[in-house]
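Engineer: Below you'll find structure-v9.cif; it's mmCIF, C-alpha atoms and all ligand atoms.
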```cif
data_entry
loop_
_atom_site.label_atom_id
_atom_site.label_comp_id
_atom_site.auth_asym_id
_atom_site.auth_seq_id
_atom_site.Cartn_x
_atom_site.Cartn_y
_atom_site.Cartn_z
CA MET C 1 0.00 0.00 0.00
CA LEU C 2 1.32 3.47 -0.85
CA PRO C 3 1.53 5.62 2.28
CA ALA C 4 -0.32 8.92 2.52
CA GLY C 5 1.72 11.71 0.95
CA SER C 6 2.91 9.47 -1.92
CA THR C 7 2.81 10.91 -5.42
CA ILE C 8 0.53 9.61 -8.16
CA GLY C 9 1.67 10.48 -11.67
CA ILE C 10 -1.07 10.90 -14.27
CA LEU C 11 -0.35 10.76 -18.00
CA GLY C 12 -2.82 13.14 -19.66
CA GLY C 13 -4.19 16.49 -18.59
CA GLY C 14 -7.95 16.50 -19.21
CA GLN C 15 -11.02 16.44 -17.00
CA LEU C 16 -10.60 12.75 -16.19
CA GLY C 17 -7.16 13.51 -14.76
CA ARG C 18 -8.60 16.48 -12.90
CA MET C 19 -11.27 14.37 -11.21
CA MET C 20 -8.71 11.60 -10.51
CA ALA C 21 -6.41 14.15 -8.87
CA MET C 22 -9.32 15.42 -6.73
CA ALA C 23 -9.96 11.86 -5.52
CA ALA C 24 -6.24 11.36 -4.83
CA LEU C 25 -6.15 14.52 -2.70
CA GLN C 26 -9.07 13.29 -0.64
CA LEU C 27 -6.97 10.25 0.33
CA SER C 28 -3.96 12.44 1.06
CA TYR C 29 -2.00 11.56 -2.04
CA ARG C 30 -0.31 14.15 -4.21
CA ALA C 31 -1.16 14.04 -7.90
CA ILE C 32 1.15 15.32 -10.60
CA ALA C 33 0.36 15.13 -14.30
CA TYR C 34 2.14 15.12 -17.65
CA ALA C 35 0.62 16.26 -20.94
CA PRO C 36 1.58 18.21 -24.06
CA PRO C 37 0.82 21.94 -24.04
CA GLY C 38 -2.90 22.69 -24.29
CA ASP C 39 -5.94 23.47 -22.18
CA ASN C 40 -4.82 21.03 -19.49
CA VAL C 41 -7.52 21.33 -16.86
CA ALA C 42 -5.98 18.62 -14.64
CA GLU C 43 -3.29 21.13 -13.75
CA ASP C 44 -5.58 23.04 -11.35
CA ALA C 45 -5.92 19.94 -9.15
CA CYS C 46 -2.29 18.81 -9.34
CA ALA C 47 0.67 19.63 -7.10
CA ASP C 48 2.93 19.79 -10.14
CA PHE C 49 2.41 19.68 -13.88
CA PHE C 50 4.80 18.74 -16.67
CA GLU C 51 3.73 20.41 -19.90
CA ASN C 52 5.97 18.66 -22.40
CA SER C 53 5.54 16.70 -25.60
CA TRP C 54 5.02 12.93 -25.54
CA GLY C 55 8.34 12.63 -27.37
CA ASP C 56 10.40 14.35 -24.68
CA ARG C 57 12.07 11.37 -23.03
CA ALA C 58 14.12 13.51 -20.64
CA ALA C 59 11.00 15.26 -19.35
CA LEU C 60 9.19 11.93 -19.00
CA ALA C 61 12.14 10.52 -17.04
CA ALA C 62 12.18 13.62 -14.80
CA PHE C 63 8.42 13.22 -14.25
CA ALA C 64 8.86 9.54 -13.36
CA THR C 65 11.50 10.28 -10.69
CA LYS C 66 8.84 12.29 -8.82
CA CYS C 67 6.20 9.51 -8.91
CA ASP C 68 5.52 6.55 -6.64
CA VAL C 69 3.01 5.13 -9.12
CA VAL C 70 2.00 6.17 -12.65
CA THR C 71 -1.43 5.85 -14.26
CA TRP C 72 -3.14 7.40 -17.29
CA GLU C 73 -6.39 9.23 -17.94
CA PHE C 74 -6.14 9.12 -21.74
CA GLU C 75 -5.93 5.93 -23.82
CA ASN C 76 -3.97 7.50 -26.64
CA VAL C 77 -0.80 8.20 -24.66
CA PRO C 78 1.86 7.03 -27.16
CA LEU C 79 3.41 3.70 -26.15
CA THR C 80 6.85 5.26 -26.68
CA ALA C 81 6.04 7.76 -23.90
CA VAL C 82 4.85 5.00 -21.58
CA ALA C 83 8.07 3.09 -22.36
CA ALA C 84 10.06 6.01 -20.91
CA ILE C 85 8.48 5.32 -17.49
CA PRO C 86 10.13 2.51 -15.46
CA PRO C 87 7.70 -0.45 -15.71
CA ALA C 88 7.76 -0.97 -11.94
CA LEU C 89 6.06 2.43 -11.55
CA LEU C 90 3.15 1.60 -13.87
CA ALA C 91 -0.03 0.75 -11.98
CA CYS C 92 -1.18 -1.35 -14.92
CA PRO C 93 0.71 -3.06 -17.77
CA ALA C 94 0.97 -0.94 -20.94
CA ARG C 95 -0.58 -3.85 -22.88
CA ALA C 96 -4.00 -2.42 -21.98
CA LEU C 97 -3.15 0.74 -23.93
CA GLU C 98 -1.63 -1.20 -26.80
CA VAL C 99 -4.85 -3.19 -27.26
CA ALA C 100 -7.24 -0.27 -26.80
CA GLN C 101 -5.38 2.18 -29.05
CA ASP C 102 -6.25 0.29 -32.20
CA ARG C 103 -9.83 -0.68 -33.03
CA LEU C 104 -8.60 -3.66 -35.05
CA ASN C 105 -6.46 -5.02 -32.17
CA GLU C 106 -9.25 -4.39 -29.74
CA LYS C 107 -11.83 -6.33 -31.74
CA ALA C 108 -9.43 -9.24 -32.35
CA PHE C 109 -8.62 -9.35 -28.63
CA ILE C 110 -12.29 -9.38 -27.66
CA ALA C 111 -13.08 -12.09 -30.22
CA GLN C 112 -10.38 -14.31 -28.66
CA LEU C 113 -12.14 -13.94 -25.33
CA GLY C 114 -15.46 -15.01 -26.88
CA GLY C 115 -17.00 -11.54 -27.29
CA THR C 116 -19.11 -10.44 -30.27
CA SER C 117 -18.42 -7.23 -32.24
CA ALA C 118 -20.08 -5.68 -35.29
CA PRO C 119 -18.88 -7.34 -38.52
CA TYR C 120 -15.76 -5.46 -39.67
CA VAL C 121 -13.01 -5.36 -42.26
CA ARG C 122 -9.65 -3.56 -42.22
CA VAL C 123 -9.55 -0.88 -44.93
CA GLU C 124 -6.65 1.19 -46.24
CA ASN C 125 -7.54 2.06 -49.80
CA ASP C 126 -10.30 2.07 -52.42
CA GLY C 127 -9.80 -1.62 -53.25
CA ASP C 128 -10.10 -2.68 -49.61
CA PHE C 129 -13.13 -0.48 -49.22
CA ALA C 130 -14.92 -1.99 -52.23
CA ARG C 131 -14.31 -5.47 -50.77
CA ALA C 132 -15.43 -4.33 -47.31
CA LEU C 133 -18.68 -3.01 -48.77
CA GLU C 134 -19.29 -6.42 -50.38
CA VAL C 135 -18.49 -8.38 -47.22
CA VAL C 136 -20.11 -6.14 -44.61
CA GLY C 137 -22.65 -4.28 -46.76
CA THR C 138 -24.36 -0.98 -45.96
CA PRO C 139 -25.22 0.86 -43.83
CA GLY C 140 -21.88 0.96 -42.08
CA ILE C 141 -19.33 3.20 -40.45
CA LEU C 142 -15.81 3.85 -41.59
CA LYS C 143 -13.57 4.71 -38.63
CA THR C 144 -9.89 5.46 -38.33
CA ALA C 145 -8.34 2.46 -36.56
CA ARG C 146 -6.44 4.74 -34.20
CA GLU C 147 -6.98 8.03 -32.42
CA GLY C 148 -10.69 8.48 -32.95
CA TYR C 149 -12.75 9.57 -29.98
CA ASP C 150 -16.13 11.21 -29.32
CA GLY C 151 -17.27 10.38 -32.84
CA LYS C 152 -14.23 12.03 -34.48
CA GLY C 153 -12.59 10.16 -37.36
CA GLN C 154 -15.87 8.44 -38.31
CA TRP C 155 -17.93 8.52 -41.47
CA ARG C 156 -21.35 6.95 -41.77
CA ILE C 157 -22.03 5.25 -45.09
CA ALA C 158 -25.75 4.85 -45.75
CA SER C 159 -25.46 3.24 -49.17
CA ALA C 160 -22.88 1.99 -51.67
CA ASN C 161 -23.50 5.19 -53.71
CA GLU C 162 -22.39 7.33 -50.82
CA ALA C 163 -19.26 5.25 -50.41
CA SER C 164 -17.86 6.46 -53.72
CA GLY C 165 -17.35 9.96 -52.28
CA VAL C 166 -15.16 8.80 -49.41
CA ARG C 167 -11.53 9.97 -49.35
CA PHE C 168 -9.19 7.85 -47.27
CA PRO C 169 -7.35 9.63 -44.51
CA GLY C 170 -4.11 7.85 -45.49
CA ARG C 171 -3.99 5.62 -42.46
CA PRO C 172 -5.55 2.29 -41.53
CA CYS C 173 -9.30 2.33 -41.06
CA ILE C 174 -11.95 -0.15 -40.09
CA TYR C 175 -15.28 -0.48 -41.84
CA GLU C 176 -17.97 -1.78 -39.50
CA GLY C 177 -21.53 -2.79 -40.16
CA LEU C 178 -24.02 -0.50 -38.47
CA VAL C 179 -25.46 -2.36 -35.49
CA ALA C 180 -29.25 -2.11 -35.20
CA PHE C 181 -29.13 -1.64 -31.45
CA GLU C 182 -32.01 -1.03 -29.08
CA ALA C 183 -29.84 0.74 -26.49
CA GLU C 184 -26.25 1.39 -25.49
CA PHE C 185 -24.57 0.69 -22.16
CA SER C 186 -21.16 0.38 -20.62
CA VAL C 187 -19.69 -1.96 -18.07
CA ILE C 188 -17.37 -0.15 -15.68
CA LEU C 189 -15.30 -2.24 -13.32
CA VAL C 190 -12.46 -1.73 -10.92
CA ARG C 191 -9.81 -4.41 -10.45
CA SER C 192 -7.26 -4.51 -7.66
CA ALA C 193 -3.68 -5.75 -8.04
CA ALA C 194 -4.80 -8.92 -6.20
CA GLY C 195 -7.46 -9.53 -8.89
CA GLU C 196 -10.57 -8.49 -6.95
CA VAL C 197 -13.19 -7.12 -9.36
CA ARG C 198 -16.20 -4.90 -8.61
CA PHE C 199 -18.76 -3.49 -11.05
CA TRP C 200 -20.90 -0.39 -10.96
CA ASP C 201 -24.44 -0.55 -12.27
CA SER C 202 -24.64 -0.11 -16.04
CA THR C 203 -26.41 3.06 -17.17
CA ALA C 204 -28.26 3.46 -20.45
CA ASN C 205 -26.02 5.74 -22.51
CA HIS C 206 -27.40 8.17 -25.06
CA HIS C 207 -25.09 9.61 -27.70
CA GLU C 208 -25.43 12.70 -29.85
CA GLY C 209 -23.19 13.02 -32.89
CA GLY C 210 -21.11 10.02 -31.75
CA MET C 211 -20.44 11.59 -28.35
CA LEU C 212 -21.93 10.62 -25.00
CA ALA C 213 -24.69 13.06 -24.03
CA GLN C 214 -26.49 11.34 -21.15
CA SER C 215 -26.25 8.32 -18.81
CA VAL C 216 -29.38 7.12 -17.05
CA LEU C 217 -30.40 4.65 -14.32
CA PRO C 218 -32.50 2.56 -14.21
CA ALA C 219 -31.17 1.43 -17.54
CA GLY C 220 -34.26 -0.52 -18.58
CA ALA C 221 -35.11 -4.21 -18.81
CA LEU C 222 -33.22 -4.96 -22.02
CA ILE C 223 -29.89 -3.65 -20.71
CA GLU C 224 -30.43 -5.21 -17.30
CA ALA C 225 -30.96 -8.58 -18.97
CA GLN C 226 -27.66 -8.27 -20.89
CA VAL C 227 -25.39 -6.83 -18.21
CA GLU C 228 -24.36 -10.18 -16.75
CA GLN C 229 -23.01 -11.48 -20.05
CA ALA C 230 -21.25 -8.18 -20.73
CA ARG C 231 -19.68 -8.22 -17.26
CA GLU C 232 -18.28 -11.69 -17.87
CA LEU C 233 -16.50 -10.41 -20.96
CA ALA C 234 -15.26 -7.30 -19.13
CA ALA C 235 -13.90 -9.36 -16.24
CA LYS C 236 -12.13 -11.73 -18.66
CA THR C 237 -10.67 -8.72 -20.47
CA ALA C 238 -9.37 -7.23 -17.23
CA GLN C 239 -7.85 -10.53 -16.18
CA ALA C 240 -6.22 -11.18 -19.55
CA LEU C 241 -4.61 -7.72 -19.44
CA GLY C 242 -3.48 -8.02 -15.80
CA TYR C 243 -5.46 -4.82 -15.42
CA VAL C 244 -5.31 -2.66 -12.30
CA GLY C 245 -7.73 0.25 -11.85
CA VAL C 246 -10.95 1.24 -13.62
CA LEU C 247 -11.70 -0.34 -17.00
CA THR C 248 -14.69 0.41 -19.26
CA LEU C 249 -16.23 -1.66 -22.04
CA GLU C 250 -19.00 -0.16 -24.20
CA PHE C 251 -21.77 -2.33 -25.62
CA PHE C 252 -24.76 -2.20 -27.91
CA ALA C 253 -27.80 -3.98 -26.48
CA THR C 254 -29.37 -5.80 -29.42
CA LYS C 255 -32.18 -8.31 -29.81
CA ASP C 256 -29.47 -10.99 -30.00
CA GLY C 257 -27.56 -9.94 -26.90
CA PRO C 258 -24.71 -7.57 -26.09
CA VAL C 259 -22.40 -6.54 -28.94
CA PHE C 260 -19.01 -5.13 -27.90
CA ASN C 261 -18.27 -1.67 -29.32
CA GLU C 262 -15.04 -0.47 -27.72
CA MET C 263 -13.04 -0.39 -24.54
CA ALA C 264 -11.46 2.43 -22.60
CA PRO C 265 -8.63 1.41 -20.25
CA ARG C 266 -9.52 4.22 -17.86
CA VAL C 267 -12.25 5.96 -15.92
CA HIS C 268 -15.10 6.88 -18.25
CA ASN C 269 -17.59 9.65 -18.94
CA SER C 270 -20.46 7.20 -18.47
CA GLY C 271 -19.24 6.67 -14.88
CA HIS C 272 -19.31 10.32 -13.78
CA TRP C 273 -22.62 9.69 -12.01
CA THR C 274 -20.75 7.49 -9.50
CA ILE C 275 -19.32 10.62 -7.79
CA GLU C 276 -22.63 11.27 -6.06
CA GLY C 277 -24.59 8.22 -7.12
CA ALA C 278 -22.52 5.27 -5.88
CA ALA C 279 -21.04 4.23 -2.55
CA THR C 280 -17.56 4.88 -4.00
CA SER C 281 -16.88 6.84 -7.19
CA GLN C 282 -14.98 5.45 -10.17
CA PHE C 283 -12.27 8.04 -9.49
CA GLU C 284 -11.79 7.09 -5.85
CA ASN C 285 -11.79 3.36 -6.59
CA HIS C 286 -9.24 3.89 -9.35
CA ILE C 287 -6.96 5.64 -6.84
CA ARG C 288 -7.62 2.93 -4.24
CA ALA C 289 -6.80 0.18 -6.74
CA ILE C 290 -3.52 1.72 -7.93
CA THR C 291 -2.31 2.59 -4.43
CA GLY C 292 -3.22 -0.79 -2.91
CA LEU C 293 -5.98 0.50 -0.64
CA PRO C 294 -9.08 -1.69 -0.12
CA LEU C 295 -11.67 -1.19 -2.87
CA GLY C 296 -14.85 0.64 -1.91
CA GLY C 297 -18.43 -0.51 -2.44
CA THR C 298 -19.96 0.21 -5.84
CA ALA C 299 -23.67 0.02 -4.98
CA THR C 300 -25.97 2.70 -6.42
CA ARG C 301 -27.34 5.02 -3.71
CA PHE C 302 -30.40 6.46 -5.47
CA ALA C 303 -33.51 5.12 -7.16
CA SER C 304 -32.71 7.07 -10.32
CA ILE C 305 -29.71 8.83 -11.83
CA ASP C 306 -29.46 11.21 -14.76
CA MET C 307 -26.02 12.44 -15.81
CA ARG C 308 -25.82 14.89 -18.69
CA ASN C 309 -22.78 16.39 -20.29
CA ILE C 310 -22.51 20.12 -20.70
CA VAL C 311 -21.14 20.67 -24.17
CA GLY C 312 -20.12 23.97 -25.72
CA ASP C 313 -20.95 27.15 -23.83
CA ALA C 314 -21.17 26.14 -20.16
CA ALA C 315 -21.40 29.64 -18.70
CA LEU C 316 -24.99 30.08 -19.79
CA THR C 317 -26.25 26.78 -18.49
CA ALA C 318 -24.46 26.83 -15.10
CA HIS C 319 -26.74 29.57 -13.73
CA GLU C 320 -29.84 27.81 -14.96
CA ILE C 321 -28.81 24.46 -13.54
CA LEU C 322 -27.98 25.84 -10.10
CA SER C 323 -31.35 27.59 -9.95
CA GLU C 324 -33.18 24.28 -10.35
CA ALA C 325 -35.02 22.48 -7.59
CA GLY C 326 -33.80 19.02 -6.61
CA GLU C 327 -30.16 19.89 -5.85
CA PRO C 328 -28.48 19.01 -9.14
CA HIS C 329 -24.76 18.29 -8.81
CA LEU C 330 -22.83 20.53 -11.17
CA HIS C 331 -19.25 19.79 -12.22
CA LEU C 332 -17.39 22.26 -14.39
CA TYR C 333 -14.00 21.33 -15.75
CA GLY C 334 -12.38 24.76 -15.83
CA LYS C 335 -11.78 24.76 -19.59
CA ARG C 336 -10.68 28.15 -20.73
CA GLU C 337 -12.18 27.94 -24.18
CA ALA C 338 -15.73 26.75 -24.89
CA ARG C 339 -15.84 25.22 -28.34
CA GLU C 340 -18.66 23.47 -30.12
CA GLY C 341 -18.60 19.76 -29.31
CA ARG C 342 -16.27 20.24 -26.33
CA LYS C 343 -17.16 18.69 -22.97
CA MET C 344 -17.16 21.58 -20.49
CA GLY C 345 -18.73 19.85 -17.51
CA HIS C 346 -21.56 17.60 -16.45
CA VAL C 347 -24.56 17.66 -14.19
CA THR C 348 -25.92 14.74 -12.19
CA ARG C 349 -29.50 14.70 -10.98
CA VAL C 350 -30.52 11.98 -8.55
CA GLY C 351 -33.87 10.61 -7.40
CA HIS C 352 -34.73 9.54 -3.89
CA ALA C 353 -32.16 7.79 -1.72
CA LEU C 354 -32.30 4.00 -1.60
CA PRO C 355 -32.66 2.53 1.90
P1 LIG C 401 -17.31 4.91 -30.96
O1 LIG C 401 -16.37 6.07 -31.01
O2 LIG C 401 -16.87 3.74 -31.75
O3 LIG C 401 -17.70 4.54 -29.54
O4 LIG C 401 -18.67 5.42 -31.60
C1 LIG C 401 -19.43 6.45 -31.02
C2 LIG C 401 -20.92 6.16 -31.15
O5 LIG C 401 -21.27 6.02 -32.53
C3 LIG C 401 -21.37 4.87 -30.49
O6 LIG C 401 -21.58 5.01 -29.12
C4 LIG C 401 -22.66 4.61 -31.26
O7 LIG C 401 -23.70 5.45 -30.84
C5 LIG C 401 -22.26 5.01 -32.67
N1 LIG C 401 -21.66 3.83 -33.35
C6 LIG C 401 -20.35 3.55 -33.47
N2 LIG C 401 -20.16 2.39 -34.13
C7 LIG C 401 -21.37 1.90 -34.44
C8 LIG C 401 -21.83 0.73 -35.12
N3 LIG C 401 -21.00 -0.17 -35.64
N4 LIG C 401 -23.18 0.57 -35.21
C9 LIG C 401 -24.05 1.47 -34.72
N5 LIG C 401 -23.66 2.61 -34.09
C10 LIG C 401 -22.35 2.83 -33.94
#
```
Represent the structure of the file as structure tokens.
Structural biologist:
Amino acid sequence: MLPAGSTIGILGGGQLGRMMAMAALQLSYRAIAYAPPGDNVAEDACADFFENSWGDRAALAAFATKCDVVTWEFENVPLTAVAAIPPALLACPARALEVAQDRLNEKAFIAQLGGTSAPYVRVENDGDFARALEVVGTPGILKTAREGYDGKGQWRIASANEASGVRFPGRPCIYEGLVAFEAEFSVILVRSAAGEVRFWDSTANHHEGGMLAQSVLPAGALIEAQVEQARELAAKTAQALGYVGVLTLEFFATKDGPVFNEMAPRVHNSGHWTIEGAATSQFENHIRAITGLPLGGTATRFASIDMRNIVGDAALTAHEILSEAGEPHLHLYGKREAREGRKMGHVTRVGHALP
């Protein structure tokens, strides 16, 4: 167990790192973070911040000397940057990043464990794409294999006609069949170094423009009926990766059962409700797992939960939200620039307390 006062190093500087650092502080740990220059909102909650490129090995080494354990809040931290951190400091093997950074790897990995994904084909050029359209058909989605998030790097293809207008981004892509899902949900688990696994309840997740907009509990009968099977896959995934900390797998709930969409080897937007809504939040349990503290309970504390992202101009909505009845819980991330499609904060509304 890491003693109080130890330093947790976070790779990445966004809101997930900020909320992780806040949870670390609560348990008397110091958080420091490392990220390339930008609107790094984790900095406000950190004792120290390294604003250097991912390629700066000297800065990464200097960062590592200040850490007692290192974790990440962003799945696209380059593996070369992680390799500059002594492996003994990593809370979790880098293999989790390696698998999750590439949609093709991720789907192959999940298939090995017995999971089901949308039908897909690797695509790099017009010839591959023509074959993919034959094999998978339309409608479908073309996605960059790497570095897509929040619906970026994705093109929906409604029909073969539409496909002729697509220009390849010059890097590997994946063409997936569009899944006719009834609902979307995620499984969020925490795993300790000793292999203990706990799950939070799965919310129904609603997306707008490929980006999470809202997470809701109760999730509905269809999701509830599919959670057990999805959890089995998530637990197997965590075990196969030797995972330590919070891991998220996203699923489509279909008539034929859960279909794996993607994984995030980190705390997740669809788990923000756990801050007020669960016995222990995803952020706190992540810190507990990586420091060797006992894991906290994950039970939901309220009869209903509604977490909504605040996207774009947060200043306007903050006043309105805080004027509402029902004590909504407002979280603003301190971003200096509000841009369209940018997550600025979230608000969690809860129903009555469960006995
Ligand atoms: P992703 O970045 O892959 O999680 O995609 C973002 C969102 O786009 C998902 O949560 C779905 O709402 C939608 N989406 C992505 N892939 C598919 C698919 N194969 N079939 C149906 N919807 C999809």
Engineer: Could you give me, as JSON lines, a per-residue list for chain C showing, wherever an atom lies at most 7 Å from an atom of ligand LIG 401 (chain C), the closest pair of atoms and their distance in Å to one decimal, using only C-alpha atoms and all ligand atoms and sorting by chain then residue number from low to high?
Structural biologist:
```
{"residue": "C:Ala118", "atom": "CA", "partner": "C:LIG401", "partner_atom": "N3", "distance": 5.6}
{"residue": "C:Gly140", "atom": "CA", "partner": "C:LIG401", "partner_atom": "N3", "distance": 6.6}
{"residue": "C:Ile141", "atom": "CA", "partner": "C:LIG401", "partner_atom": "N3", "distance": 6.1}
{"residue": "C:Gly148", "atom": "CA", "partner": "C:LIG401", "partner_atom": "O1", "distance": 6.5}
{"residue": "C:Tyr149", "atom": "CA", "partner": "C:LIG401", "partner_atom": "O1", "distance": 5.1}
{"residue": "C:Asp150", "atom": "CA", "partner": "C:LIG401", "partner_atom": "O1", "distance": 5.4}
{"residue": "C:Gly151", "atom": "CA", "partner": "C:LIG401", "partner_atom": "O1", "distance": 4.8}
{"residue": "C:Glu176", "atom": "CA", "partner": "C:LIG401", "partner_atom": "N3", "distance": 5.2}
{"residue": "C:Gly177", "atom": "CA", "partner": "C:LIG401", "partner_atom": "N3", "distance": 5.3}
{"residue": "C:Leu178", "atom": "CA", "partner": "C:LIG401", "partner_atom": "N4", "distance": 3.5}
{"residue": "C:Val179", "atom": "CA", "partner": "C:LIG401", "partner_atom": "N4", "distance": 3.7}
{"residue": "C:Ala180", "atom": "CA", "partner": "C:LIG401", "partner_atom": "C9", "distance": 6.3}
{"residue": "C:Phe181", "atom": "CA", "partner": "C:LIG401", "partner_atom": "C9", "distance": 6.8}
{"residue": "C:Glu184", "atom": "CA", "partner": "C:LIG401", "partner_atom": "O6", "distance": 6.9}
{"residue": "C:His207", "atom": "CA", "partner": "C:LIG401", "partner_atom": "O7", "distance": 5.4}
{"residue": "C:Gly210", "atom": "CA", "partner": "C:LIG401", "partner_atom": "C2", "distance": 3.9}
{"residue": "C:Met211", "atom": "CA", "partner": "C:LIG401", "partner_atom": "C1", "distance": 5.9}
{"residue": "C:Leu212", "atom": "CA", "partner": "C:LIG401", "partner_atom": "O6", "distance": 7.0}
{"residue": "C:Asn261", "atom": "CA", "partner": "C:LIG401", "partner_atom": "O2", "distance": 6.1}
{"residue": "C:Glu262", "atom": "CA", "partner": "C:LIG401", "partner_atom": "O3", "distance": 6.0}
```
Engineer: Calculate how many Å separate atom CA of Thr291 of chain C from atom CA of Ala47 of chain C, rounding to one decimal.
Structural biologist: 17.5 Å
Engineer: Fewer than 6 positions away in the same chain doesn't count, so skip those; otherwise give me all residues within 12 Å of Ala21 of chain C, counting all atoms listed in the file, as a VMD selection string.
Structural biologist: chain C and resid 7 to 15 27 to 33 41 to 49 71 to 73 283 to 284 286 to 287
Engineer: Can you write out the residues you just picked, keeping C-alpha atoms, as a PDB file, keeping the file's coordinate frame?
Structural biologist:
```
ATOM      1  CA  THR C   7       2.810  10.910  -5.420  1.00  0.00           C
ATOM      2  CA  ILE C   8       0.530   9.610  -8.160  1.00  0.00           C
ATOM      3  CA  GLY C   9       1.670  10.480 -11.670  1.00  0.00           C
ATOM      4  CA  ILE C  10      -1.070  10.900 -14.270  1.00  0.00           C
ATOM      5  CA  LEU C  11      -0.350  10.760 -18.000  1.00  0.00           C
ATOM      6  CA  GLY C  12      -2.820  13.140 -19.660  1.00  0.00           C
ATOM      7  CA  GLY C  13      -4.190  16.490 -18.590  1.00  0.00           C
ATOM      8  CA  GLY C  14      -7.950  16.500 -19.210  1.00  0.00           C
ATOM      9  CA  GLN C  15     -11.020  16.440 -17.000  1.00  0.00           C
ATOM     10  CA  LEU C  27      -6.970  10.250   0.330  1.00  0.00           C
ATOM     11  CA  SER C  28      -3.960  12.440   1.060  1.00  0.00           C
ATOM     12  CA  TYR C  29      -2.000  11.560  -2.040  1.00  0.00           C
ATOM     13  CA  ARG C  30      -0.310  14.150  -4.210  1.00  0.00           C
ATOM     14  CA  ALA C  31      -1.160  14.040  -7.900  1.00  0.00           C
ATOM     15  CA  ILE C  32       1.150  15.320 -10.600  1.00  0.00           C
ATOM     16  CA  ALA C  33       0.360  15.130 -14.300  1.00  0.00           C
ATOM     17  CA  VAL C  41      -7.520  21.330 -16.860  1.00  0.00           C
ATOM     18  CA  ALA C  42      -5.980  18.620 -14.640  1.00  0.00           C
ATOM     19  CA  GLU C  43      -3.290  21.130 -13.750  1.00  0.00           C
ATOM     20  CA  ASP C  44      -5.580  23.040 -11.350  1.00  0.00           C
ATOM     21  CA  ALA C  45      -5.920  19.940  -9.150  1.00  0.00           C
ATOM     22  CA  CYS C  46      -2.290  18.810  -9.340  1.00  0.00           C
ATOM     23  CA  ALA C  47       0.670  19.630  -7.100  1.00  0.00           C
ATOM     24  CA  ASP C  48       2.930  19.790 -10.140  1.00  0.00           C
ATOM     25  CA  PHE C  49       2.410  19.680 -13.880  1.00  0.00           C
ATOM     26  CA  THR C  71      -1.430   5.850 -14.260  1.00  0.00           C
ATOM     27  CA  TRP C  72      -3.140   7.400 -17.290  1.00  0.00           C
ATOM     28  CA  GLU C  73      -6.390   9.230 -17.940  1.00  0.00           C
ATOM     29  CA  PHE C 283     -12.270   8.040  -9.490  1.00  0.00           C
ATOM     30  CA  GLU C 284     -11.790   7.090  -5.850  1.00  0.00           C
ATOM     31  CA  HIS C 286      -9.240   3.890  -9.350  1.00  0.00           C
ATOM     32  CA  ILE C 287      -6.960   5.640  -6.840  1.00  0.00           C
TER      33      ILE C 287
END
```
Engineer: Find, counting only C-alpha atoms, the residue in C:Val69, C:Leu2, C:Cys173, C:Ala64 that gets nearest to Ala91 of chain C.
Structural biologist: C:Val69
Engineer: Taking 4 positions as the minimum chain separation for residues in the same chain, which residues sit within 9 Å of Ala219 of chain C when counting all atoms listed in the file? Answer as a VMD selection string.
Structural biologist: chain C and resid 185 201 to 205 215 223 to 224
Engineer: Provide the atom CA of Thr280 of chain C to atom CA of Thr237 of chain C distance in Å, to one decimal place.
Structural biologist: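 If I compute the distance from atom CA of Thr280 of chain C to atom CA of Thr237 of chain C, I get 22.4 Å.
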Engineer: Quote the spacing between atom CA of Phe168 of chain C and atom CA of Val99 of chain C in Å to one decimal place.
Structural biologist: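 We find that atom CA of Phe168 of chain C and atom CA of Val99 of chain C lie 23.3 Å from each other.
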Engineer: Which of these residues is nearest to Ser159 of chain C, using only C-alpha atoms: C:Thr138, C:Ala318, C:Arg146, C:Lys107?
Structural biologist: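 Of the candidates, the smallest distance to Ser159 of chain C is held by C:Thr138.
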Engineer: Can you tell me which residues surround segment 84-88 of chain C at a distance of at most 8 Å, considering only C-alpha atoms, apart from same-chain residues fewer than 6 positions away, and format the answer as a VMD selection string?
Structural biologist: chain C and resid 57 60 to 61 64
Engineer: Measuring atom to atom with only C-alpha atoms, identify which of C:Ala58, C:Cys92, C:Leu222, C:Leu354 is nearest to Ala238 of chain C.
Structural biologist: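 Ranked by minimum distance to Ala238 of chain C, first place goes to C:Cys92.
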Engineer: Would you kindly return, as a PyMOL selection string, each protein, DNA or RNA residue with an atom no farther than 10 Å from any atom of Ser53 of chain C, considering only C-alpha atoms and excluding same-chain residues fewer than 5 positions away?
Structural biologist: chain C and resi 34-37+59-60+81
Engineer: Just checking: using all atoms listed in the file, which residue out of C:Val244, C:Met263, C:Ala130, C:Leu189 ends up closest to Glu75 of chain C?
Structural biologist: C:Met263
Engineer: Could you tell me, as a CSV table (one decimal) with C-alpha atoms, in the frame of the given file, which residues have any atom at most 10 Å from (-21.5, 13.4, -9.2), counting only C-alpha atoms?
Structural biologist:
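Written file, part22.csv:
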```csv
chain,number,residue,atom,x,y,z
C,271,GLY,CA,-19.2,6.7,-14.9
C,272,HIS,CA,-19.3,10.3,-13.8
C,273,TRP,CA,-22.6,9.7,-12.0
C,274,THR,CA,-20.8,7.5,-9.5
C,275,ILE,CA,-19.3,10.6,-7.8
C,276,GLU,CA,-22.6,11.3,-6.1
C,277,GLY,CA,-24.6,8.2,-7.1
C,278,ALA,CA,-22.5,5.3,-5.9
C,281,SER,CA,-16.9,6.8,-7.2
C,305,ILE,CA,-29.7,8.8,-11.8
C,306,ASP,CA,-29.5,11.2,-14.8
C,307,MET,CA,-26.0,12.4,-15.8
C,328,PRO,CA,-28.5,19.0,-9.1
C,329,HIS,CA,-24.8,18.3,-8.8
C,330,LEU,CA,-22.8,20.5,-11.2
C,331,HIS,CA,-19.2,19.8,-12.2
C,346,HIS,CA,-21.6,17.6,-16.4
C,347,VAL,CA,-24.6,17.7,-14.2
C,348,THR,CA,-25.9,14.7,-12.2
C,349,ARG,CA,-29.5,14.7,-11.0
C,350,VAL,CA,-30.5,12.0,-8.6
```
